[in-house]
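Pasting query.cif here (mmCIF, C-alpha atoms):
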data_data
loop_
_atom_site.group_PDB
_atom_site.id
_atom_site.type_symbol
_atom_site.label_atom_id
_atom_site.label_comp_id
_atom_site.auth_asym_id
_atom_site.auth_seq_id
_atom_site.Cartn_x
_atom_site.Cartn_y
_atom_site.Cartn_z
ATOM 1 C CA MET A 1 -20.191 -6.779 12.264
ATOM 2 C CA ARG A 2 -20.165 -6.437 8.496
ATOM 3 C CA THR A 3 -17.581 -8.554 6.776
ATOM 4 C CA THR A 4 -15.142 -8.541 3.891
ATOM 5 C CA THR A 5 -12.625 -11.071 2.639
ATOM 6 C CA LEU A 6 -8.900 -11.359 3.214
ATOM 7 C CA GLY A 7 -8.112 -10.402 -0.366
ATOM 8 C CA ASP A 8 -10.165 -11.397 -3.390
ATOM 9 C CA ASN A 9 -9.984 -15.133 -2.704
ATOM 10 C CA GLY A 10 -9.431 -15.216 1.041
ATOM 11 C CA PRO A 11 -11.627 -16.201 3.981
ATOM 12 C CA GLU A 12 -14.401 -14.003 5.293
ATOM 13 C CA VAL A 13 -13.371 -11.740 8.175
ATOM 14 C CA GLY A 14 -14.867 -8.877 10.107
ATOM 15 C CA VAL A 15 -13.973 -5.488 8.642
ATOM 16 C CA ILE A 16 -12.096 -4.697 11.882
ATOM 17 C CA GLY A 17 -9.651 -7.165 13.418
ATOM 18 C CA LEU A 18 -7.678 -7.272 16.643
ATOM 19 C CA GLY A 19 -3.977 -6.564 17.081
ATOM 20 C CA CYS A 20 -2.646 -8.390 20.142
ATOM 21 C CA MET A 21 0.843 -6.881 20.513
ATOM 22 C CA GLY A 22 0.021 -4.549 23.389
ATOM 23 C CA MET A 23 -1.300 -7.380 25.529
ATOM 24 C CA THR A 24 2.261 -8.434 26.356
ATOM 25 C CA HIS A 25 4.619 -6.026 24.652
ATOM 26 C CA ALA A 26 5.727 -2.403 24.271
ATOM 27 C CA TYR A 27 3.041 -0.356 25.982
ATOM 28 C CA ASP A 28 3.844 -1.271 29.570
ATOM 29 C CA MET A 29 6.054 -3.562 31.638
ATOM 30 C CA ALA A 30 5.265 -7.209 32.288
ATOM 31 C CA ALA A 31 4.050 -6.331 35.787
ATOM 32 C CA ALA A 32 1.081 -4.528 34.236
ATOM 33 C CA ARG A 33 0.004 -7.552 32.205
ATOM 34 C CA ASP A 34 -3.377 -9.089 32.873
ATOM 35 C CA ASP A 35 -3.493 -12.271 30.827
ATOM 36 C CA ALA A 36 -6.950 -13.268 32.038
ATOM 37 C CA THR A 37 -8.437 -9.990 30.834
ATOM 38 C CA SER A 38 -6.501 -10.177 27.559
ATOM 39 C CA ILE A 39 -7.822 -13.678 26.885
ATOM 40 C CA ALA A 40 -11.340 -12.457 27.659
ATOM 41 C CA VAL A 41 -10.833 -9.579 25.205
ATOM 42 C CA ILE A 42 -9.827 -12.022 22.455
ATOM 43 C CA HIS A 43 -12.965 -14.088 23.131
ATOM 44 C CA GLN A 44 -15.119 -10.947 23.117
ATOM 45 C CA ALA A 45 -13.520 -9.837 19.840
ATOM 46 C CA LEU A 46 -14.569 -13.113 18.244
ATOM 47 C CA ASP A 47 -18.076 -12.683 19.654
ATOM 48 C CA LEU A 48 -18.226 -9.203 18.111
ATOM 49 C CA GLY A 49 -17.137 -10.516 14.700
ATOM 50 C CA MET A 50 -13.561 -9.201 14.907
ATOM 51 C CA THR A 51 -12.294 -12.523 13.610
ATOM 52 C CA LEU A 52 -8.847 -11.544 12.290
ATOM 53 C CA ILE A 53 -6.499 -12.056 15.258
ATOM 54 C CA ASP A 54 -2.965 -10.736 14.651
ATOM 55 C CA THR A 55 0.219 -11.529 16.579
ATOM 56 C CA ALA A 56 3.945 -12.102 15.862
ATOM 57 C CA ASP A 57 6.791 -14.224 17.168
ATOM 58 C CA VAL A 58 8.806 -11.095 18.030
ATOM 59 C CA TYR A 59 6.240 -9.731 20.487
ATOM 60 C CA GLY A 60 7.743 -10.590 23.834
ATOM 61 C CA PRO A 61 9.469 -12.367 22.178
ATOM 62 C CA HIS A 62 7.190 -15.393 21.915
ATOM 63 C CA ASP A 63 4.889 -14.764 24.872
ATOM 64 C CA ASN A 64 2.284 -12.966 22.755
ATOM 65 C CA GLU A 65 1.876 -16.028 20.557
ATOM 66 C CA GLU A 66 1.657 -18.161 23.698
ATOM 67 C CA LEU A 67 -1.097 -15.914 25.073
ATOM 68 C CA VAL A 68 -3.053 -16.047 21.815
ATOM 69 C CA GLY A 69 -2.581 -19.805 21.700
ATOM 70 C CA ARG A 70 -4.088 -20.146 25.170
ATOM 71 C CA ALA A 71 -6.965 -17.860 24.220
ATOM 72 C CA LEU A 72 -7.837 -19.854 21.101
ATOM 73 C CA SER A 73 -7.577 -23.278 22.729
ATOM 74 C CA GLY A 74 -10.698 -25.016 23.997
ATOM 75 C CA GLY A 75 -12.771 -24.635 20.857
ATOM 76 C CA HIS A 76 -12.074 -21.027 19.834
ATOM 77 C CA ARG A 77 -9.490 -21.706 17.108
ATOM 78 C CA ASP A 78 -12.068 -22.379 14.389
ATOM 79 C CA ARG A 79 -13.719 -19.029 15.082
ATOM 80 C CA ALA A 80 -10.557 -17.062 14.298
ATOM 81 C CA VAL A 81 -8.619 -16.161 11.180
ATOM 82 C CA LEU A 82 -5.224 -16.384 12.831
ATOM 83 C CA ALA A 83 -2.272 -14.314 11.604
ATOM 84 C CA THR A 84 1.306 -14.211 12.847
ATOM 85 C CA LYS A 85 4.632 -12.896 11.545
ATOM 86 C CA VAL A 86 8.278 -13.837 11.169
ATOM 87 C CA GLY A 87 11.461 -12.047 10.165
ATOM 88 C CA LEU A 88 12.037 -9.497 12.903
ATOM 89 C CA VAL A 89 14.141 -10.144 15.990
ATOM 90 C CA THR A 90 13.905 -7.384 18.589
ATOM 91 C CA ALA A 91 16.844 -6.710 20.879
ATOM 92 C CA LEU A 92 16.519 -5.139 24.295
ATOM 93 C CA GLY A 93 15.580 -1.468 24.112
ATOM 94 C CA SER A 94 14.378 -1.446 20.522
ATOM 95 C CA THR A 95 10.950 -0.443 19.276
ATOM 96 C CA PRO A 96 8.512 -3.039 17.931
ATOM 97 C CA GLY A 97 8.478 -1.345 14.546
ATOM 98 C CA GLY A 98 11.939 -2.600 13.795
ATOM 99 C CA ASN A 99 13.385 0.775 12.875
ATOM 100 C CA SER A 100 15.637 1.200 15.901
ATOM 101 C CA PRO A 101 19.299 0.183 15.915
ATOM 102 C CA GLY A 102 18.470 -2.649 18.315
ATOM 103 C CA ALA A 103 16.073 -4.426 15.952
ATOM 104 C CA VAL A 104 17.459 -7.089 13.658
ATOM 105 C CA ARG A 105 15.738 -8.285 10.518
ATOM 106 C CA ASN A 106 16.196 -11.941 9.690
ATOM 107 C CA GLY A 107 14.790 -13.112 6.378
ATOM 108 C CA ARG A 108 17.076 -16.093 5.880
ATOM 109 C CA PRO A 109 15.140 -19.047 4.452
ATOM 110 C CA GLU A 110 16.476 -21.456 7.062
ATOM 111 C CA TYR A 111 15.346 -19.132 9.852
ATOM 112 C CA ILE A 112 11.847 -18.831 8.369
ATOM 113 C CA ARG A 113 11.550 -22.612 7.950
ATOM 114 C CA GLU A 114 12.524 -23.108 11.583
ATOM 115 C CA SER A 115 10.348 -20.304 12.937
ATOM 116 C CA ILE A 116 6.995 -21.494 11.601
ATOM 117 C CA ASP A 117 7.211 -24.641 13.693
ATOM 118 C CA GLY A 118 7.891 -22.628 16.844
ATOM 119 C CA SER A 119 4.952 -20.345 16.109
ATOM 120 C CA LEU A 120 2.584 -23.269 15.548
ATOM 121 C CA ARG A 121 3.689 -24.863 18.806
ATOM 122 C CA ARG A 122 3.124 -21.667 20.778
ATOM 123 C CA LEU A 123 -0.205 -20.990 19.032
ATOM 124 C CA ARG A 124 -1.371 -24.558 19.717
ATOM 125 C CA THR A 125 -2.460 -25.137 16.146
ATOM 126 C CA ASP A 126 -1.369 -27.108 13.105
ATOM 127 C CA HIS A 127 -1.608 -24.110 10.766
ATOM 128 C CA VAL A 128 -1.985 -20.342 10.666
ATOM 129 C CA ASP A 129 -4.410 -18.698 8.285
ATOM 130 C CA LEU A 130 -1.946 -15.938 7.413
ATOM 131 C CA TYR A 131 1.851 -16.041 7.802
ATOM 132 C CA GLN A 132 3.498 -12.650 7.261
ATOM 133 C CA LEU A 133 7.043 -11.499 6.598
ATOM 134 C CA HIS A 134 7.352 -8.859 9.323
ATOM 135 C CA ARG A 135 10.054 -6.858 7.547
ATOM 136 C CA VAL A 136 12.147 -7.410 4.432
ATOM 137 C CA ASP A 137 15.744 -8.260 5.294
ATOM 138 C CA PRO A 138 18.040 -6.010 3.204
ATOM 139 C CA GLU A 139 20.721 -8.710 3.343
ATOM 140 C CA VAL A 140 18.481 -11.379 1.792
ATOM 141 C CA PRO A 141 16.765 -11.132 -1.626
ATOM 142 C CA ILE A 142 13.033 -11.010 -1.007
ATOM 143 C CA GLU A 143 12.590 -13.853 -3.480
ATOM 144 C CA GLU A 144 14.523 -16.166 -1.147
ATOM 145 C CA SER A 145 12.580 -15.149 1.964
ATOM 146 C CA TRP A 146 9.291 -15.381 0.118
ATOM 147 C CA GLY A 147 10.182 -18.770 -1.294
ATOM 148 C CA ALA A 148 10.601 -20.084 2.251
ATOM 149 C CA MET A 149 7.257 -18.546 3.203
ATOM 150 C CA ALA A 150 5.687 -20.321 0.229
ATOM 151 C CA GLU A 151 7.124 -23.614 1.491
ATOM 152 C CA ALA A 152 5.007 -23.179 4.635
ATOM 153 C CA VAL A 153 1.921 -23.017 2.415
ATOM 154 C CA ALA A 154 2.978 -26.098 0.455
ATOM 155 C CA ALA A 155 3.506 -27.962 3.736
ATOM 156 C CA GLY A 156 0.037 -27.010 5.013
ATOM 157 C CA LYS A 157 1.484 -24.957 7.861
ATOM 158 C CA ALA A 158 0.082 -21.676 6.507
ATOM 159 C CA ARG A 159 -3.012 -21.100 4.384
ATOM 160 C CA ARG A 160 -1.803 -17.793 2.936
ATOM 161 C CA ILE A 161 1.219 -15.535 3.178
ATOM 162 C CA GLY A 162 1.534 -11.781 3.434
ATOM 163 C CA LEU A 163 4.056 -8.947 3.622
ATOM 164 C CA SER A 164 4.544 -6.014 5.985
ATOM 165 C CA GLU A 165 5.932 -2.503 5.408
ATOM 166 C CA VAL A 166 6.916 -3.065 1.775
ATOM 167 C CA THR A 167 7.156 -1.089 -1.449
ATOM 168 C CA VAL A 168 5.218 -1.816 -4.616
ATOM 169 C CA ASP A 169 8.402 -3.142 -6.212
ATOM 170 C CA GLU A 170 8.880 -5.586 -3.333
ATOM 171 C CA ILE A 171 5.287 -6.771 -3.661
ATOM 172 C CA LYS A 172 5.798 -7.390 -7.370
ATOM 173 C CA ARG A 173 8.998 -9.333 -6.769
ATOM 174 C CA ALA A 174 7.232 -11.509 -4.220
ATOM 175 C CA GLN A 175 4.267 -12.045 -6.531
ATOM 176 C CA ALA A 176 6.583 -13.484 -9.144
ATOM 177 C CA VAL A 177 7.345 -16.303 -6.662
ATOM 178 C CA HIS A 178 3.982 -16.879 -4.933
ATOM 179 C CA PRO A 179 0.678 -14.964 -4.559
ATOM 180 C CA VAL A 180 0.606 -12.194 -1.946
ATOM 181 C CA ALA A 181 -2.557 -12.409 0.153
ATOM 182 C CA SER A 182 -2.063 -9.279 2.232
ATOM 183 C CA VAL A 183 0.117 -6.298 3.032
ATOM 184 C CA GLN A 184 0.288 -4.959 6.587
ATOM 185 C CA SER A 185 1.523 -1.396 7.089
ATOM 186 C CA GLU A 186 0.797 1.550 9.302
ATOM 187 C CA LEU A 187 -2.127 3.652 8.079
ATOM 188 C CA SER A 188 -4.072 6.289 9.984
ATOM 189 C CA LEU A 189 -5.087 9.915 9.818
ATOM 190 C CA TRP A 190 -1.516 10.858 10.742
ATOM 191 C CA THR A 191 0.281 8.166 8.689
ATOM 192 C CA ARG A 192 -0.946 8.274 5.104
ATOM 193 C CA ASP A 193 2.124 7.119 3.178
ATOM 194 C CA PRO A 194 0.520 3.912 1.787
ATOM 195 C CA LEU A 195 -2.226 5.927 0.075
ATOM 196 C CA GLU A 196 0.218 7.138 -2.565
ATOM 197 C CA ALA A 197 1.191 3.835 -4.186
ATOM 198 C CA VAL A 198 1.002 0.703 -2.029
ATOM 199 C CA LEU A 199 -2.702 0.750 -1.199
ATOM 200 C CA PRO A 200 -3.806 1.516 -4.803
ATOM 201 C CA TYR A 201 -1.625 -1.352 -6.038
ATOM 202 C CA CYS A 202 -3.102 -3.720 -3.460
ATOM 203 C CA ALA A 203 -6.623 -2.703 -4.482
ATOM 204 C CA GLU A 204 -5.786 -3.292 -8.148
ATOM 205 C CA GLN A 205 -4.322 -6.740 -7.394
ATOM 206 C CA GLY A 206 -7.008 -7.917 -4.970
ATOM 207 C CA ILE A 207 -4.570 -7.930 -2.038
ATOM 208 C CA ALA A 208 -5.941 -7.239 1.438
ATOM 209 C CA PHE A 209 -4.441 -4.246 3.231
ATOM 210 C CA LEU A 210 -4.124 -4.526 7.023
ATOM 211 C CA PRO A 211 -3.454 -1.182 8.733
ATOM 212 C CA PHE A 212 -1.702 -1.438 12.085
ATOM 213 C CA SER A 213 -1.811 1.474 14.542
ATOM 214 C CA PRO A 214 -4.957 2.881 12.857
ATOM 215 C CA LEU A 215 -5.546 4.988 15.979
ATOM 216 C CA GLY A 216 -2.064 6.486 15.927
ATOM 217 C CA ARG A 217 -1.040 4.326 18.922
ATOM 218 C CA GLY A 218 -3.994 5.714 20.856
ATOM 219 C CA PHE A 219 -3.247 9.378 20.156
ATOM 220 C CA LEU A 220 -6.067 9.869 17.627
ATOM 221 C CA ALA A 221 -8.554 8.536 20.165
ATOM 222 C CA GLY A 222 -7.744 11.565 22.328
ATOM 223 C CA ARG A 223 -6.201 9.519 25.136
ATOM 224 C CA PHE A 224 -3.078 11.655 25.546
ATOM 225 C CA ALA A 225 -2.953 15.412 25.909
ATOM 226 C CA SER A 226 0.679 15.648 26.984
ATOM 227 C CA PHE A 227 3.894 13.651 27.221
ATOM 228 C CA ASP A 228 3.276 13.197 30.949
ATOM 229 C CA ASP A 229 0.088 11.240 30.224
ATOM 230 C CA LEU A 230 2.206 8.354 28.922
ATOM 231 C CA PRO A 231 3.143 5.639 31.451
ATOM 232 C CA GLU A 232 6.762 5.770 32.590
ATOM 233 C CA ASP A 233 7.651 2.453 30.902
ATOM 234 C CA ASP A 234 5.725 3.084 27.665
ATOM 235 C CA PHE A 235 7.775 2.839 24.470
ATOM 236 C CA ARG A 236 5.822 5.755 22.946
ATOM 237 C CA ARG A 237 7.955 8.022 25.138
ATOM 238 C CA ARG A 238 10.779 7.259 22.673
ATOM 239 C CA LEU A 239 8.809 8.051 19.505
ATOM 240 C CA PRO A 240 9.248 11.460 17.839
ATOM 241 C CA ARG A 241 5.529 12.224 17.505
ATOM 242 C CA PHE A 242 5.012 11.819 21.237
ATOM 243 C CA GLN A 243 7.728 14.207 22.400
ATOM 244 C CA ARG A 244 6.539 17.238 24.338
ATOM 245 C CA GLU A 245 6.522 19.849 21.573
ATOM 246 C CA ALA A 246 5.317 17.348 18.968
ATOM 247 C CA ILE A 247 2.341 16.256 21.059
ATOM 248 C CA GLU A 248 1.305 19.840 21.548
ATOM 249 C CA ALA A 249 1.402 20.482 17.792
ATOM 250 C CA ASN A 250 -0.321 17.198 16.956
ATOM 251 C CA LEU A 251 -3.301 17.991 19.160
ATOM 252 C CA ALA A 252 -4.588 19.984 16.175
ATOM 253 C CA ILE A 253 -5.169 16.656 14.401
ATOM 254 C CA VAL A 254 -7.113 15.288 17.359
ATOM 255 C CA GLY A 255 -9.152 18.475 17.415
ATOM 256 C CA ARG A 256 -10.361 17.839 13.871
ATOM 257 C CA VAL A 257 -11.265 14.257 14.771
ATOM 258 C CA ARG A 258 -13.186 15.455 17.819
ATOM 259 C CA GLU A 259 -15.072 17.921 15.621
ATOM 260 C CA VAL A 260 -16.392 15.130 13.413
ATOM 261 C CA ALA A 261 -17.070 12.887 16.409
ATOM 262 C CA ALA A 262 -19.218 15.573 18.055
ATOM 263 C CA ARG A 263 -21.106 16.128 14.798
ATOM 264 C CA ARG A 264 -21.853 12.396 14.519
ATOM 265 C CA ASN A 265 -22.329 11.740 18.268
ATOM 266 C CA VAL A 266 -19.684 9.006 18.256
ATOM 267 C CA THR A 267 -16.214 8.682 19.805
ATOM 268 C CA PRO A 268 -12.986 10.047 18.287
ATOM 269 C CA ALA A 269 -11.635 6.483 18.046
ATOM 270 C CA GLN A 270 -14.655 5.439 15.993
ATOM 271 C CA VAL A 271 -14.163 8.381 13.639
ATOM 272 C CA ALA A 272 -10.464 7.593 13.167
ATOM 273 C CA LEU A 273 -11.245 3.933 12.413
ATOM 274 C CA ALA A 274 -14.147 4.811 10.107
ATOM 275 C CA TRP A 275 -11.778 6.996 8.070
ATOM 276 C CA VAL A 276 -9.409 4.045 7.662
ATOM 277 C CA LEU A 277 -12.290 1.772 6.633
ATOM 278 C CA ALA A 278 -13.340 4.342 4.030
ATOM 279 C CA GLN A 279 -10.032 3.869 2.192
ATOM 280 C CA GLY A 280 -11.198 0.663 0.475
ATOM 281 C CA PRO A 281 -13.335 -2.501 0.723
ATOM 282 C CA ARG A 282 -10.326 -4.757 1.429
ATOM 283 C CA VAL A 283 -8.829 -2.449 4.069
ATOM 284 C CA ILE A 284 -9.050 -4.296 7.401
ATOM 285 C CA PRO A 285 -7.638 -2.276 10.327
ATOM 286 C CA ILE A 286 -6.291 -4.205 13.315
ATOM 287 C CA PRO A 287 -6.421 -1.794 16.272
ATOM 288 C CA GLY A 288 -4.800 -3.174 19.379
ATOM 289 C CA THR A 289 -6.398 -3.139 22.797
ATOM 290 C CA LYS A 290 -6.440 -5.186 25.985
ATOM 291 C CA THR A 291 -9.424 -3.365 27.468
ATOM 292 C CA PRO A 292 -13.051 -4.499 26.958
ATOM 293 C CA LYS A 293 -14.281 -0.893 26.887
ATOM 294 C CA TYR A 294 -11.974 0.088 24.033
ATOM 295 C CA LEU A 295 -12.673 -3.171 22.213
ATOM 296 C CA HIS A 296 -16.401 -2.442 22.052
ATOM 297 C CA ASP A 297 -15.673 1.158 21.074
ATOM 298 C CA ASN A 298 -13.476 -0.023 18.195
ATOM 299 C CA ALA A 299 -16.040 -2.582 17.033
ATOM 300 C CA GLY A 300 -18.689 0.137 16.838
ATOM 301 C CA ALA A 301 -16.713 1.919 14.130
ATOM 302 C CA ALA A 302 -17.753 -0.769 11.639
ATOM 303 C CA ALA A 303 -21.300 0.624 11.657
ATOM 304 C CA ILE A 304 -20.245 4.214 10.904
ATOM 305 C CA ARG A 305 -20.357 5.533 7.346
ATOM 306 C CA LEU A 306 -18.664 8.920 7.122
ATOM 307 C CA SER A 307 -20.325 11.553 4.969
ATOM 308 C CA ASP A 308 -18.563 13.487 2.240
ATOM 309 C CA GLU A 309 -18.436 16.433 4.647
ATOM 310 C CA ASP A 310 -16.852 14.269 7.336
ATOM 311 C CA LEU A 311 -14.254 12.900 4.950
ATOM 312 C CA ALA A 312 -13.427 16.371 3.652
ATOM 313 C CA THR A 313 -12.877 17.607 7.199
ATOM 314 C CA LEU A 314 -10.616 14.667 8.029
ATOM 315 C CA ASN A 315 -8.690 14.747 4.773
ATOM 316 C CA GLU A 316 -7.662 18.307 5.557
ATOM 317 C CA VAL A 317 -6.048 17.568 8.911
ATOM 318 C CA PRO A 318 -2.533 19.009 9.148
ATOM 319 C CA PRO A 319 0.437 16.661 8.663
ATOM 320 C CA PRO A 320 1.910 15.329 11.910
ATOM 321 C CA THR A 321 4.905 16.818 13.644
ATOM 322 C CA GLY A 322 7.575 14.151 14.016
ATOM 323 C CA THR A 323 8.433 10.975 12.146
ATOM 324 C CA ARG A 324 7.002 7.547 13.010
ATOM 325 C CA TYR A 325 10.197 6.138 14.532
#

Would you encode the structure as structure tokens?
Amino acid sequence: MRTTTLGDNGPEVGVIGLGCMGMTHAYDMAAARDDATSIAVIHQALDLGMTLIDTADVYGPHDNEELVGRALSGGHRDRAVLATKVGLVTALGSTPGGNSPGAVRNGRPEYIRESIDGSLRRLRTDHVDLYQLHRVDPEVPIEESWGAMAEAVAAGKARRIGLSEVTVDEIKRAQAVHPVASVQSELSLWTRDPLEAVLPYCAEQGIAFLPFSPLGRGFLAGRFASFDDLPEDDFRRRLPRFQREAIEANLAIVGRVREVAARRNVTPAQVALAWVLAQGPRVIPIPGTKTPKYLHDNAGAAAIRLSDEDLATLNEVPPPTGTRY
């Protein structure tokens, strides 16, 4: 896989990483988990050059970090650029994005200082390569939260620190305290908000941009044609864009992706990821999967260079019906 760097001065990583959330969290119940397969997928991702491995303490909570820790033990840790997050506590029934009433943001410095040690213990490592503030706590000045994140760097517990779902103003305020290595936010063909201001600012400042849900939570890959295609326990059943009428309207977006995929003789998922990659040299999408087939499909997108015609077709897709959360 071709590579880039995690920001202007960061480590080399594959241009596509791996999001691990769905291996233990959100997309099905615990009974559907297959930890052995998930660990094999993480190993295969490293073999394919998908070296940025992303998790968070809130996924589970905690059991996603434990899974990743088991996967990277036994000599695999040095092959990975390991990223985790802090600052979001998910209550029962909330969505992982942190925008439901059940999700609590906690950016208190004392909580951040305490949390890094728990993450390192679960991840079976003495440091993470990237420690990210999962969400900004509106009750805590970002300077205070970011200062505690910077303490983890000073203590050698984190190599770099990053932000998630932030505004340009919030990035600037954090930068005044300590360098920002990365910004993680949702970006895909049906979620383009960062293109207006955040992504251009990151490009100008040499900050890596890590798109989560670059496949629209699987929708842009053409995996769902109706609400009934979603598993009964899947949290997407609670998201506005996946409601019955919204899915029907949003199939027009998938149709445009399929058109380009047929023209290029590749899969819709590869087209959707290639569009994200085309948004900048430091844009590193982290699609999530726990299936070897989809992992290899995602990795193949790194070799696809969309033509001007392809990009024009994709840039004209209709806006989605329904909000993200």

Correct to one decimal, the distance CA of Ser73 (chain A)-CA of Phe209 (chain A) is 27.4 Å

With distances taken over all atoms listed in the file, the candidate from A:Val198, A:Thr323, A:Pro268, A:Ala312 nearest Asp169 (chain A) is A:Val198

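On the file presented, the PyMOL selection byres ((chain A and resi 138) around 12) picks out Gly87, Leu88, Val104, Arg105, Asn106, Gly107, Arg108, Arg135, Val136, Asp137, Glu139, Val140, Pro141, Ile142, Glu143, Glu144, Ser145, Val166 and Glu170 of chain A.
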
Mind telling me what the PyMOL selection byres ((chain A and resi 17) around 12) catches here, as a short mmCIF file (atom, residue, chain, number, x, y, z; two decimals) with C-alpha atoms, in the frame of the given file?
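Written output follows (selection33.cif):
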data_model
loop_
_atom_site.label_atom_id
_atom_site.label_comp_id
_atom_site.auth_asym_id
_atom_site.auth_seq_id
_atom_site.Cartn_x
_atom_site.Cartn_y
_atom_site.Cartn_z
CA MET A 1 -20.19 -6.78 12.26
CA ARG A 2 -20.16 -6.44 8.50
CA THR A 3 -17.58 -8.55 6.78
CA THR A 4 -15.14 -8.54 3.89
CA THR A 5 -12.62 -11.07 2.64
CA LEU A 6 -8.90 -11.36 3.21
CA GLU A 12 -14.40 -14.00 5.29
CA VAL A 13 -13.37 -11.74 8.18
CA GLY A 14 -14.87 -8.88 10.11
CA VAL A 15 -13.97 -5.49 8.64
CA ILE A 16 -12.10 -4.70 11.88
CA LEU A 18 -7.68 -7.27 16.64
CA GLY A 19 -3.98 -6.56 17.08
CA CYS A 20 -2.65 -8.39 20.14
CA ILE A 42 -9.83 -12.02 22.46
CA GLN A 44 -15.12 -10.95 23.12
CA ALA A 45 -13.52 -9.84 19.84
CA LEU A 46 -14.57 -13.11 18.24
CA ASP A 47 -18.08 -12.68 19.65
CA LEU A 48 -18.23 -9.20 18.11
CA GLY A 49 -17.14 -10.52 14.70
CA MET A 50 -13.56 -9.20 14.91
CA THR A 51 -12.29 -12.52 13.61
CA LEU A 52 -8.85 -11.54 12.29
CA ILE A 53 -6.50 -12.06 15.26
CA ASP A 54 -2.96 -10.74 14.65
CA THR A 55 0.22 -11.53 16.58
CA ALA A 80 -10.56 -17.06 14.30
CA VAL A 81 -8.62 -16.16 11.18
CA LEU A 82 -5.22 -16.38 12.83
CA ALA A 83 -2.27 -14.31 11.60
CA PHE A 209 -4.44 -4.25 3.23
CA LEU A 210 -4.12 -4.53 7.02
CA PRO A 211 -3.45 -1.18 8.73
CA PHE A 212 -1.70 -1.44 12.08
CA SER A 213 -1.81 1.47 14.54
CA PRO A 214 -4.96 2.88 12.86
CA LEU A 273 -11.24 3.93 12.41
CA LEU A 277 -12.29 1.77 6.63
CA VAL A 283 -8.83 -2.45 4.07
CA ILE A 284 -9.05 -4.30 7.40
CA PRO A 285 -7.64 -2.28 10.33
CA ILE A 286 -6.29 -4.20 13.32
CA PRO A 287 -6.42 -1.79 16.27
CA GLY A 288 -4.80 -3.17 19.38
CA THR A 289 -6.40 -3.14 22.80
CA LEU A 295 -12.67 -3.17 22.21
CA HIS A 296 -16.40 -2.44 22.05
CA ASN A 298 -13.48 -0.02 18.20
CA ALA A 299 -16.04 -2.58 17.03
CA ALA A 301 -16.71 1.92 14.13
CA ALA A 302 -17.75 -0.77 11.64
#

Check which residues satisfy the PyMOL selection byres ((chain A and resi 247) around 10) in the file shown, then give them as a PyMOL selection string. chain A and resi 219+224-227+240-246+248-252+320-322

Model the absent atoms of region 250-259 of chain A so that N, CA, C and O atoms are present, and write the result as a PDB file, in the frame of the given file.
ATOM      1  N   ASN A 250       0.540  18.216  17.541  1.00  0.00           N
ATOM      2  CA  ASN A 250      -0.321  17.198  16.956  1.00  0.00           C
ATOM      3  C   ASN A 250      -1.725  17.176  17.534  1.00  0.00           C
ATOM      4  O   ASN A 250      -2.622  16.517  16.980  1.00  0.00           O
ATOM      5  N   LEU A 251      -1.949  17.898  18.617  1.00  0.00           N
ATOM      6  CA  LEU A 251      -3.301  17.991  19.160  1.00  0.00           C
ATOM      7  C   LEU A 251      -4.265  18.650  18.175  1.00  0.00           C
ATOM      8  O   LEU A 251      -5.477  18.456  18.270  1.00  0.00           O
ATOM      9  N   ALA A 252      -3.726  19.387  17.204  1.00  0.00           N
ATOM     10  CA  ALA A 252      -4.588  19.984  16.175  1.00  0.00           C
ATOM     11  C   ALA A 252      -5.272  18.892  15.343  1.00  0.00           C
ATOM     12  O   ALA A 252      -6.408  19.064  14.890  1.00  0.00           O
ATOM     13  N   ILE A 253      -4.576  17.776  15.141  1.00  0.00           N
ATOM     14  CA  ILE A 253      -5.169  16.656  14.401  1.00  0.00           C
ATOM     15  C   ILE A 253      -6.313  16.060  15.208  1.00  0.00           C
ATOM     16  O   ILE A 253      -7.405  15.807  14.686  1.00  0.00           O
ATOM     17  N   VAL A 254      -6.073  15.847  16.495  1.00  0.00           N
ATOM     18  CA  VAL A 254      -7.113  15.288  17.359  1.00  0.00           C
ATOM     19  C   VAL A 254      -8.316  16.221  17.422  1.00  0.00           C
ATOM     20  O   VAL A 254      -9.465  15.766  17.447  1.00  0.00           O
ATOM     21  N   GLY A 255      -8.055  17.510  17.391  1.00  0.00           N
ATOM     22  CA  GLY A 255      -9.152  18.475  17.415  1.00  0.00           C
ATOM     23  C   GLY A 255     -10.081  18.309  16.236  1.00  0.00           C
ATOM     24  O   GLY A 255     -11.318  18.396  16.377  1.00  0.00           O
ATOM     25  N   ARG A 256      -9.538  18.052  15.070  1.00  0.00           N
ATOM     26  CA  ARG A 256     -10.361  17.839  13.871  1.00  0.00           C
ATOM     27  C   ARG A 256     -11.161  16.539  13.994  1.00  0.00           C
ATOM     28  O   ARG A 256     -12.323  16.473  13.600  1.00  0.00           O
ATOM     29  N   VAL A 257     -10.557  15.526  14.560  1.00  0.00           N
ATOM     30  CA  VAL A 257     -11.265  14.257  14.771  1.00  0.00           C
ATOM     31  C   VAL A 257     -12.409  14.455  15.763  1.00  0.00           C
ATOM     32  O   VAL A 257     -13.525  13.964  15.559  1.00  0.00           O
ATOM     33  N   ARG A 258     -12.143  15.188  16.832  1.00  0.00           N
ATOM     34  CA  ARG A 258     -13.186  15.455  17.819  1.00  0.00           C
ATOM     35  C   ARG A 258     -14.350  16.235  17.204  1.00  0.00           C
ATOM     36  O   ARG A 258     -15.517  16.027  17.567  1.00  0.00           O
ATOM     37  N   GLU A 259     -14.030  17.130  16.284  1.00  0.00           N
ATOM     38  CA  GLU A 259     -15.072  17.921  15.621  1.00  0.00           C
ATOM     39  C   GLU A 259     -16.054  17.014  14.882  1.00  0.00           C
ATOM     40  O   GLU A 259     -17.276  17.163  14.995  1.00  0.00           O
TER      41      GLU A 259
END
